[in-house]
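Novice: My structure is in target-v7.txt, and what it holds is compact mmCIF, N, CA and C atoms:
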# COMPACT_ATOMS: atom_id res chain seq x y z
N MET Q 1 -59.13 -45.76 49.16
CA MET Q 1 -59.23 -45.56 47.74
C MET Q 1 -58.15 -46.42 47.08
N GLU Q 2 -58.54 -47.07 45.98
CA GLU Q 2 -57.62 -47.97 45.30
C GLU Q 2 -57.80 -47.89 43.79
N GLY Q 3 -56.85 -48.51 43.10
CA GLY Q 3 -56.96 -48.69 41.67
C GLY Q 3 -57.13 -47.40 40.89
N ARG Q 4 -58.04 -47.46 39.95
CA ARG Q 4 -58.25 -46.34 39.03
C ARG Q 4 -58.63 -45.06 39.77
N GLN Q 5 -59.49 -45.18 40.77
CA GLN Q 5 -59.93 -44.01 41.54
C GLN Q 5 -58.74 -43.34 42.23
N ALA Q 6 -57.83 -44.11 42.79
CA ALA Q 6 -56.64 -43.56 43.43
C ALA Q 6 -55.73 -42.90 42.40
N ALA Q 7 -55.62 -43.50 41.23
CA ALA Q 7 -54.79 -42.94 40.16
C ALA Q 7 -55.37 -41.60 39.69
N ILE Q 8 -56.67 -41.52 39.54
CA ILE Q 8 -57.32 -40.26 39.13
C ILE Q 8 -57.09 -39.19 40.19
N GLU Q 9 -57.26 -39.55 41.45
CA GLU Q 9 -57.04 -38.60 42.55
C GLU Q 9 -55.61 -38.08 42.54
N ARG Q 10 -54.66 -38.99 42.41
CA ARG Q 10 -53.24 -38.60 42.38
C ARG Q 10 -52.94 -37.72 41.17
N SER Q 11 -53.51 -38.03 40.03
CA SER Q 11 -53.32 -37.23 38.83
C SER Q 11 -53.83 -35.82 39.03
N GLN Q 12 -54.98 -35.68 39.68
CA GLN Q 12 -55.53 -34.36 39.96
C GLN Q 12 -54.63 -33.58 40.93
N GLN Q 13 -54.08 -34.27 41.92
CA GLN Q 13 -53.16 -33.62 42.85
C GLN Q 13 -51.92 -33.10 42.10
N LEU Q 14 -51.38 -33.94 41.23
CA LEU Q 14 -50.20 -33.55 40.47
C LEU Q 14 -50.50 -32.39 39.51
N ASP Q 15 -51.70 -32.39 38.91
CA ASP Q 15 -52.10 -31.28 38.05
C ASP Q 15 -52.16 -29.98 38.86
N GLY Q 16 -52.71 -30.05 40.07
CA GLY Q 16 -52.78 -28.87 40.93
C GLY Q 16 -51.40 -28.39 41.33
N LEU Q 17 -50.54 -29.33 41.64
CA LEU Q 17 -49.16 -28.98 42.00
C LEU Q 17 -48.44 -28.32 40.82
N ALA Q 18 -48.61 -28.87 39.63
CA ALA Q 18 -47.98 -28.31 38.43
C ALA Q 18 -48.50 -26.89 38.18
N GLU Q 19 -49.78 -26.67 38.37
CA GLU Q 19 -50.35 -25.34 38.17
C GLU Q 19 -49.79 -24.34 39.18
N GLU Q 20 -49.67 -24.76 40.43
CA GLU Q 20 -49.09 -23.89 41.46
C GLU Q 20 -47.63 -23.55 41.14
N ILE Q 21 -46.87 -24.52 40.70
CA ILE Q 21 -45.46 -24.29 40.34
C ILE Q 21 -45.39 -23.30 39.18
N GLN Q 22 -46.24 -23.49 38.18
CA GLN Q 22 -46.24 -22.59 37.03
C GLN Q 22 -46.58 -21.17 37.45
N GLN Q 23 -47.55 -21.01 38.34
CA GLN Q 23 -47.91 -19.68 38.82
C GLN Q 23 -46.74 -19.03 39.55
N ARG Q 24 -46.08 -19.78 40.40
CA ARG Q 24 -44.94 -19.23 41.15
C ARG Q 24 -43.79 -18.87 40.22
N MET Q 25 -43.54 -19.72 39.24
CA MET Q 25 -42.44 -19.45 38.31
C MET Q 25 -42.74 -18.25 37.42
N SER Q 26 -44.00 -18.03 37.10
CA SER Q 26 -44.35 -16.92 36.22
C SER Q 26 -44.17 -15.57 36.91
N ARG Q 27 -44.01 -15.55 38.23
CA ARG Q 27 -43.77 -14.30 38.95
C ARG Q 27 -42.38 -13.75 38.68
N ASN Q 28 -41.46 -14.62 38.27
CA ASN Q 28 -40.08 -14.20 38.04
C ASN Q 28 -39.80 -14.13 36.55
N ALA Q 29 -39.13 -13.04 36.18
CA ALA Q 29 -38.75 -12.90 34.77
C ALA Q 29 -37.64 -13.90 34.46
N ASP Q 30 -37.67 -14.42 33.26
CA ASP Q 30 -36.58 -15.32 32.86
C ASP Q 30 -35.55 -14.54 32.07
N GLY Q 31 -34.40 -15.11 31.91
CA GLY Q 31 -33.32 -14.45 31.22
C GLY Q 31 -33.37 -14.57 29.72
N LEU Q 32 -34.40 -15.22 29.19
CA LEU Q 32 -34.48 -15.43 27.76
C LEU Q 32 -35.49 -14.54 27.06
N SER Q 33 -36.23 -13.76 27.82
CA SER Q 33 -37.21 -12.87 27.20
C SER Q 33 -36.49 -11.77 26.44
N PRO Q 34 -37.10 -11.22 25.40
CA PRO Q 34 -36.46 -10.12 24.66
C PRO Q 34 -36.11 -8.93 25.56
N GLN Q 35 -36.94 -8.65 26.55
CA GLN Q 35 -36.66 -7.54 27.46
C GLN Q 35 -35.41 -7.81 28.29
N ALA Q 36 -35.26 -9.04 28.79
CA ALA Q 36 -34.09 -9.39 29.60
C ALA Q 36 -32.82 -9.35 28.75
N ILE Q 37 -32.90 -9.83 27.54
CA ILE Q 37 -31.75 -9.81 26.64
C ILE Q 37 -31.34 -8.36 26.34
N GLU Q 38 -32.33 -7.51 26.12
CA GLU Q 38 -32.06 -6.10 25.84
C GLU Q 38 -31.44 -5.41 27.06
N ARG Q 39 -31.97 -5.70 28.27
CA ARG Q 39 -31.40 -5.11 29.49
C ARG Q 39 -29.94 -5.53 29.67
N ARG Q 40 -29.65 -6.81 29.44
CA ARG Q 40 -28.26 -7.29 29.57
C ARG Q 40 -27.35 -6.60 28.57
N ALA Q 41 -27.81 -6.47 27.34
CA ALA Q 41 -26.99 -5.81 26.31
C ALA Q 41 -26.72 -4.36 26.71
N GLU Q 42 -27.72 -3.68 27.25
CA GLU Q 42 -27.52 -2.30 27.71
C GLU Q 42 -26.51 -2.24 28.85
N ARG Q 43 -26.63 -3.17 29.82
CA ARG Q 43 -25.67 -3.20 30.94
C ARG Q 43 -24.26 -3.50 30.45
N HIS Q 44 -24.14 -4.43 29.49
CA HIS Q 44 -22.82 -4.71 28.92
C HIS Q 44 -22.23 -3.44 28.33
N GLN Q 45 -23.02 -2.72 27.52
CA GLN Q 45 -22.55 -1.50 26.87
C GLN Q 45 -22.16 -0.44 27.91
N GLN Q 46 -22.99 -0.28 28.93
CA GLN Q 46 -22.70 0.71 29.98
C GLN Q 46 -21.40 0.37 30.70
N MET Q 47 -21.25 -0.90 31.07
CA MET Q 47 -20.04 -1.29 31.80
C MET Q 47 -18.81 -1.22 30.91
N MET Q 48 -18.96 -1.61 29.65
CA MET Q 48 -17.82 -1.50 28.73
C MET Q 48 -17.38 -0.04 28.62
N ALA Q 49 -18.33 0.87 28.53
CA ALA Q 49 -18.01 2.29 28.42
C ALA Q 49 -17.33 2.78 29.70
N GLN Q 50 -17.86 2.41 30.85
CA GLN Q 50 -17.29 2.87 32.12
C GLN Q 50 -15.90 2.28 32.37
N LEU Q 51 -15.67 1.06 31.90
CA LEU Q 51 -14.37 0.41 32.12
C LEU Q 51 -13.42 0.62 30.95
N GLY Q 52 -13.88 1.26 29.89
CA GLY Q 52 -13.04 1.52 28.74
C GLY Q 52 -12.69 0.26 27.96
N ALA Q 53 -13.62 -0.65 27.84
CA ALA Q 53 -13.38 -1.92 27.17
C ALA Q 53 -14.02 -1.93 25.79
N SER Q 54 -13.35 -2.56 24.86
CA SER Q 54 -13.94 -2.78 23.54
C SER Q 54 -14.79 -4.05 23.60
N ALA Q 55 -15.60 -4.28 22.58
CA ALA Q 55 -16.42 -5.50 22.53
C ALA Q 55 -15.52 -6.73 22.50
N GLU Q 56 -14.42 -6.62 21.78
CA GLU Q 56 -13.48 -7.75 21.71
C GLU Q 56 -12.90 -8.07 23.09
N GLU Q 57 -12.50 -7.02 23.82
CA GLU Q 57 -11.97 -7.23 25.17
C GLU Q 57 -13.04 -7.81 26.09
N TRP Q 58 -14.26 -7.28 25.99
CA TRP Q 58 -15.34 -7.73 26.86
C TRP Q 58 -15.55 -9.24 26.73
N HIS Q 59 -15.42 -9.78 25.55
CA HIS Q 59 -15.67 -11.20 25.32
C HIS Q 59 -14.41 -12.06 25.49
N ASP Q 60 -13.32 -11.45 25.93
CA ASP Q 60 -12.07 -12.17 26.16
C ASP Q 60 -11.95 -12.51 27.64
N TRP Q 61 -11.90 -13.79 27.95
CA TRP Q 61 -11.84 -14.20 29.36
C TRP Q 61 -10.60 -13.64 30.04
N ARG Q 62 -9.50 -13.44 29.32
CA ARG Q 62 -8.28 -12.91 29.93
C ARG Q 62 -8.50 -11.47 30.38
N TRP Q 63 -9.23 -10.68 29.55
CA TRP Q 63 -9.54 -9.31 29.94
C TRP Q 63 -10.43 -9.33 31.18
N GLN Q 64 -11.44 -10.20 31.18
CA GLN Q 64 -12.33 -10.32 32.33
C GLN Q 64 -11.53 -10.64 33.60
N TYR Q 65 -10.60 -11.57 33.49
CA TYR Q 65 -9.78 -11.97 34.64
C TYR Q 65 -8.90 -10.81 35.11
N ARG Q 66 -8.31 -10.08 34.18
CA ARG Q 66 -7.45 -8.94 34.54
C ARG Q 66 -8.25 -7.81 35.17
N ASN Q 67 -9.53 -7.74 34.90
CA ASN Q 67 -10.36 -6.64 35.37
C ASN Q 67 -11.39 -7.06 36.40
N VAL Q 68 -11.07 -8.09 37.17
CA VAL Q 68 -11.97 -8.49 38.26
C VAL Q 68 -12.18 -7.29 39.17
N LEU Q 69 -13.43 -7.04 39.51
CA LEU Q 69 -13.80 -5.88 40.33
C LEU Q 69 -13.67 -6.24 41.80
N LYS Q 70 -12.83 -5.50 42.50
CA LYS Q 70 -12.56 -5.78 43.91
C LYS Q 70 -12.87 -4.60 44.83
N GLU Q 71 -12.84 -3.39 44.28
CA GLU Q 71 -12.99 -2.19 45.08
C GLU Q 71 -14.46 -1.80 45.21
N PRO Q 72 -14.93 -1.57 46.45
CA PRO Q 72 -16.34 -1.18 46.62
C PRO Q 72 -16.69 0.13 45.92
N ASP Q 73 -15.74 1.06 45.86
CA ASP Q 73 -16.01 2.35 45.19
C ASP Q 73 -16.27 2.14 43.69
N LEU Q 74 -15.49 1.27 43.07
CA LEU Q 74 -15.68 0.99 41.65
C LEU Q 74 -17.01 0.28 41.42
N LEU Q 75 -17.33 -0.68 42.28
CA LEU Q 75 -18.62 -1.37 42.17
C LEU Q 75 -19.77 -0.37 42.30
N ALA Q 76 -19.64 0.55 43.22
CA ALA Q 76 -20.70 1.55 43.44
C ALA Q 76 -20.87 2.45 42.23
N ARG Q 77 -19.79 2.68 41.47
CA ARG Q 77 -19.91 3.48 40.24
C ARG Q 77 -20.60 2.69 39.14
N LEU Q 78 -20.46 1.38 39.16
CA LEU Q 78 -21.02 0.55 38.09
C LEU Q 78 -22.47 0.15 38.35
N ILE Q 79 -22.81 -0.09 39.60
CA ILE Q 79 -24.17 -0.53 39.93
C ILE Q 79 -24.66 0.23 41.16
N SER Q 80 -25.96 0.15 41.37
CA SER Q 80 -26.55 0.70 42.58
C SER Q 80 -26.31 -0.33 43.68
N ILE Q 81 -25.40 -0.02 44.58
CA ILE Q 81 -24.98 -1.01 45.58
C ILE Q 81 -25.43 -0.56 46.97
N PRO Q 82 -26.10 -1.41 47.71
CA PRO Q 82 -26.59 -1.01 49.03
C PRO Q 82 -25.45 -0.87 50.05
N PRO Q 83 -25.60 0.04 51.00
CA PRO Q 83 -24.56 0.26 52.00
C PRO Q 83 -24.10 -1.00 52.73
N PRO Q 84 -24.98 -1.95 53.10
CA PRO Q 84 -24.47 -3.15 53.78
C PRO Q 84 -23.48 -3.94 52.92
N MET Q 85 -23.67 -3.93 51.60
CA MET Q 85 -22.74 -4.65 50.74
C MET Q 85 -21.40 -3.92 50.66
N ILE Q 86 -21.42 -2.61 50.58
CA ILE Q 86 -20.17 -1.84 50.58
C ILE Q 86 -19.40 -2.12 51.87
N GLU Q 87 -20.11 -2.08 52.99
CA GLU Q 87 -19.48 -2.35 54.28
C GLU Q 87 -18.92 -3.77 54.33
N ALA Q 88 -19.67 -4.72 53.79
CA ALA Q 88 -19.21 -6.11 53.80
C ALA Q 88 -17.94 -6.28 52.97
N ILE Q 89 -17.87 -5.61 51.83
CA ILE Q 89 -16.67 -5.70 50.99
C ILE Q 89 -15.49 -5.06 51.72
N GLN Q 90 -15.72 -3.93 52.36
CA GLN Q 90 -14.64 -3.29 53.12
C GLN Q 90 -14.18 -4.19 54.26
N ASN Q 91 -15.13 -4.82 54.95
CA ASN Q 91 -14.77 -5.75 56.03
C ASN Q 91 -14.00 -6.95 55.50
N ALA Q 92 -14.40 -7.44 54.33
CA ALA Q 92 -13.69 -8.57 53.73
C ALA Q 92 -12.25 -8.17 53.44
N ARG Q 93 -12.04 -7.01 52.90
CA ARG Q 93 -10.69 -6.55 52.57
C ARG Q 93 -9.86 -6.38 53.84
N GLN Q 94 -10.48 -5.83 54.91
CA GLN Q 94 -9.76 -5.66 56.17
C GLN Q 94 -9.38 -7.00 56.78
N ALA Q 95 -10.27 -8.00 56.61
CA ALA Q 95 -10.01 -9.33 57.15
C ALA Q 95 -9.17 -10.18 56.21
N LYS Q 96 -8.72 -9.55 55.10
CA LYS Q 96 -7.90 -10.22 54.09
C LYS Q 96 -8.62 -11.41 53.45
N ILE Q 97 -9.95 -11.28 53.35
CA ILE Q 97 -10.77 -12.27 52.66
C ILE Q 97 -10.90 -11.79 51.22
N PRO Q 98 -10.45 -12.58 50.26
CA PRO Q 98 -10.52 -12.11 48.88
C PRO Q 98 -11.96 -11.96 48.40
N PHE Q 99 -12.20 -10.88 47.71
CA PHE Q 99 -13.50 -10.65 47.09
C PHE Q 99 -13.25 -10.14 45.69
N GLY Q 100 -14.00 -10.65 44.74
CA GLY Q 100 -13.91 -10.16 43.38
C GLY Q 100 -15.03 -10.73 42.53
N ILE Q 101 -15.38 -9.96 41.51
CA ILE Q 101 -16.42 -10.41 40.58
C ILE Q 101 -16.04 -9.89 39.20
N THR Q 102 -16.18 -10.72 38.20
CA THR Q 102 -15.85 -10.27 36.85
C THR Q 102 -16.91 -9.29 36.37
N PRO Q 103 -16.52 -8.35 35.52
CA PRO Q 103 -17.51 -7.42 34.98
C PRO Q 103 -18.67 -8.14 34.28
N HIS Q 104 -18.36 -9.23 33.57
CA HIS Q 104 -19.42 -9.96 32.87
C HIS Q 104 -20.43 -10.52 33.86
N TYR Q 105 -19.97 -11.18 34.91
CA TYR Q 105 -20.90 -11.76 35.88
C TYR Q 105 -21.72 -10.66 36.55
N LEU Q 106 -21.08 -9.55 36.89
CA LEU Q 106 -21.81 -8.44 37.49
C LEU Q 106 -22.88 -7.92 36.55
N SER Q 107 -22.57 -7.89 35.27
CA SER Q 107 -23.54 -7.35 34.29
C SER Q 107 -24.75 -8.25 34.12
N LEU Q 108 -24.65 -9.51 34.52
CA LEU Q 108 -25.79 -10.42 34.40
C LEU Q 108 -26.83 -10.20 35.50
N SER Q 109 -26.43 -9.57 36.57
CA SER Q 109 -27.35 -9.31 37.67
C SER Q 109 -28.17 -8.07 37.39
N ARG Q 110 -29.36 -8.04 37.94
CA ARG Q 110 -30.16 -6.82 37.87
C ARG Q 110 -29.47 -5.81 38.77
N THR Q 111 -29.14 -4.68 38.24
CA THR Q 111 -28.27 -3.76 38.97
C THR Q 111 -28.93 -2.44 39.33
N SER Q 112 -30.24 -2.38 39.33
CA SER Q 112 -30.91 -1.14 39.70
C SER Q 112 -32.15 -1.46 40.50
N ARG Q 113 -32.31 -0.77 41.59
CA ARG Q 113 -33.52 -0.96 42.39
C ARG Q 113 -34.74 -0.36 41.70
N ASN Q 114 -34.52 0.44 40.67
CA ASN Q 114 -35.62 1.11 39.99
C ASN Q 114 -36.23 0.27 38.87
N GLN Q 115 -35.60 -0.82 38.50
CA GLN Q 115 -36.15 -1.65 37.44
C GLN Q 115 -37.43 -2.32 37.92
N LYS Q 116 -38.33 -2.53 37.01
CA LYS Q 116 -39.61 -3.16 37.34
C LYS Q 116 -39.39 -4.53 37.98
N VAL Q 117 -38.37 -5.26 37.50
CA VAL Q 117 -38.13 -6.61 38.02
C VAL Q 117 -37.41 -6.59 39.35
N GLY Q 118 -36.90 -5.44 39.78
CA GLY Q 118 -36.30 -5.34 41.10
C GLY Q 118 -34.80 -5.58 41.12
N PHE Q 119 -34.21 -5.26 42.24
CA PHE Q 119 -32.77 -5.38 42.42
C PHE Q 119 -32.41 -6.82 42.73
N ASP Q 120 -31.35 -7.29 42.14
CA ASP Q 120 -30.90 -8.66 42.34
C ASP Q 120 -30.21 -8.77 43.70
N GLN Q 121 -30.78 -9.53 44.60
CA GLN Q 121 -30.26 -9.62 45.95
C GLN Q 121 -29.24 -10.75 46.16
N LYS Q 122 -28.98 -11.56 45.13
CA LYS Q 122 -28.09 -12.70 45.33
C LYS Q 122 -26.72 -12.27 45.87
N LEU Q 123 -26.12 -11.29 45.23
CA LEU Q 123 -24.80 -10.85 45.67
C LEU Q 123 -24.89 -10.17 47.03
N CYS Q 124 -25.91 -9.36 47.20
CA CYS Q 124 -26.02 -8.57 48.42
C CYS Q 124 -26.28 -9.41 49.65
N LYS Q 125 -26.97 -10.51 49.48
CA LYS Q 125 -27.30 -11.33 50.64
C LYS Q 125 -26.17 -12.29 51.01
N GLN Q 126 -25.36 -12.67 50.05
CA GLN Q 126 -24.30 -13.63 50.32
C GLN Q 126 -23.13 -12.99 51.06
N LEU Q 127 -22.68 -11.87 50.59
CA LEU Q 127 -21.42 -11.31 51.06
C LEU Q 127 -21.40 -10.96 52.54
N PRO Q 128 -22.38 -10.21 53.08
CA PRO Q 128 -22.28 -9.87 54.51
C PRO Q 128 -22.22 -11.10 55.40
N VAL Q 129 -22.99 -12.13 55.07
CA VAL Q 129 -23.00 -13.35 55.88
C VAL Q 129 -21.65 -14.04 55.83
N VAL Q 130 -21.12 -14.21 54.63
CA VAL Q 130 -19.84 -14.89 54.47
C VAL Q 130 -18.74 -14.14 55.19
N VAL Q 131 -18.69 -12.83 55.02
CA VAL Q 131 -17.64 -12.03 55.65
C VAL Q 131 -17.74 -12.11 57.16
N SER Q 132 -18.95 -11.95 57.70
CA SER Q 132 -19.08 -11.96 59.16
C SER Q 132 -18.72 -13.32 59.73
N GLN Q 133 -19.12 -14.39 59.07
CA GLN Q 133 -18.80 -15.73 59.57
C GLN Q 133 -17.30 -16.00 59.51
N MET Q 134 -16.69 -15.66 58.39
CA MET Q 134 -15.28 -15.98 58.22
C MET Q 134 -14.39 -15.10 59.09
N SER Q 135 -14.70 -13.80 59.18
CA SER Q 135 -13.82 -12.93 59.94
C SER Q 135 -14.02 -13.12 61.44
N SER Q 136 -15.25 -13.37 61.89
CA SER Q 136 -15.48 -13.51 63.32
C SER Q 136 -14.89 -14.81 63.87
N LYS Q 137 -14.85 -15.84 63.08
CA LYS Q 137 -14.33 -17.12 63.54
C LYS Q 137 -12.91 -17.37 63.03
N ASN Q 138 -12.35 -16.37 62.34
CA ASN Q 138 -11.01 -16.49 61.77
C ASN Q 138 -10.91 -17.74 60.88
N LEU Q 139 -11.99 -18.06 60.19
CA LEU Q 139 -12.00 -19.24 59.34
C LEU Q 139 -11.09 -19.10 58.14
N TYR Q 140 -10.95 -17.88 57.65
CA TYR Q 140 -10.16 -17.71 56.44
C TYR Q 140 -8.71 -18.13 56.66
N ALA Q 141 -8.20 -17.85 57.85
CA ALA Q 141 -6.81 -18.22 58.14
C ALA Q 141 -6.61 -19.74 58.07
N LYS Q 142 -7.69 -20.50 58.28
CA LYS Q 142 -7.60 -21.96 58.25
C LYS Q 142 -7.86 -22.54 56.87
N CYS Q 143 -8.33 -21.71 55.94
CA CYS Q 143 -8.68 -22.19 54.59
C CYS Q 143 -7.43 -22.34 53.73
N ILE Q 144 -7.52 -23.21 52.76
CA ILE Q 144 -6.47 -23.30 51.76
C ILE Q 144 -6.61 -22.10 50.84
N GLN Q 145 -5.53 -21.39 50.63
CA GLN Q 145 -5.60 -20.15 49.87
C GLN Q 145 -5.09 -20.39 48.46
N PHE Q 146 -6.02 -20.63 47.55
CA PHE Q 146 -5.67 -20.93 46.17
C PHE Q 146 -5.24 -19.70 45.38
N HIS Q 147 -5.60 -18.52 45.85
CA HIS Q 147 -5.33 -17.31 45.09
C HIS Q 147 -3.88 -16.86 45.17
N ARG Q 148 -3.08 -17.47 45.99
CA ARG Q 148 -1.67 -17.04 46.13
C ARG Q 148 -0.79 -17.70 45.13
The structure in this file should be written as structure tokens.
Specialist:
Amino acid sequence: MEGRQAAIERSQQLDGLAEEIQQRMSRNADGLSPQAIERRAERHQQMMAQLGASAEEWHDWRWQYRNVLKEPDLLARLISIPPPMIEAIQNARQAKIPFGITPHYLSLSRTSRNQKVGFDQKLCKQLPVVVSQMSSKNLYAKCIQFHR
């Protein structure tokens, strides 16, 4: 196949690919929908109330930095946290691997398994792997420690 016929065939392939991508992307909620914005605002309000923060403090990066969440018990009070993540945070602390997340960043994640859009697994899937790799190979001791 050559020339115009090849171009038409390729165009049809690309149209099919674009349609498949659009279908796959439509399965995931975006962060710009009114529902997502409302959920985030509710989570901000809930976390501000639980942490005793004013709106002014919540939007102050210095307050966020001072209130980095490090304790698994506190995280469990703020969000629905699966047991493997609690264990991973405890293991990280025992291995002296720093762990922390700002309240704002935590509030951006989907924090309930009961929500229609589902529980956000990004945090939950990263931590156990990182902790087990670093503590089992003692990699953290070899890393440059910027937090000191």
Novice: Going by DSSP on the backbone, which bits of segment 18-111 of chain Q are alpha helix (DSSP H)? Write them as an MDAnalysis selection string, please.
Specialist: chainID Q and resid 18:26 34:51 55:58 61:66 72:78 83:94 103:108
Novice: Identify the residues within 6.5 Å of coordinate (-15.5, -8.7, 42.1) (same frame as the file), considering all atoms listed in the file, and give the answer as JSON, numbers by chain.
Specialist: {"Q": [68, 69, 70, 71, 99, 100, 101, 102]}
Novice: Report, in Å with one decimal, the straight-line distance from atom CA of Glu42 of chain Q to atom CA of Arg66 of chain Q.
Specialist: 22.2 Å
Novice: For atom C of Ala36 of chain Q and atom CA of Ala88 of chain Q, quote the distance in Å rounded to one decimal.
Specialist: 28.7 Å
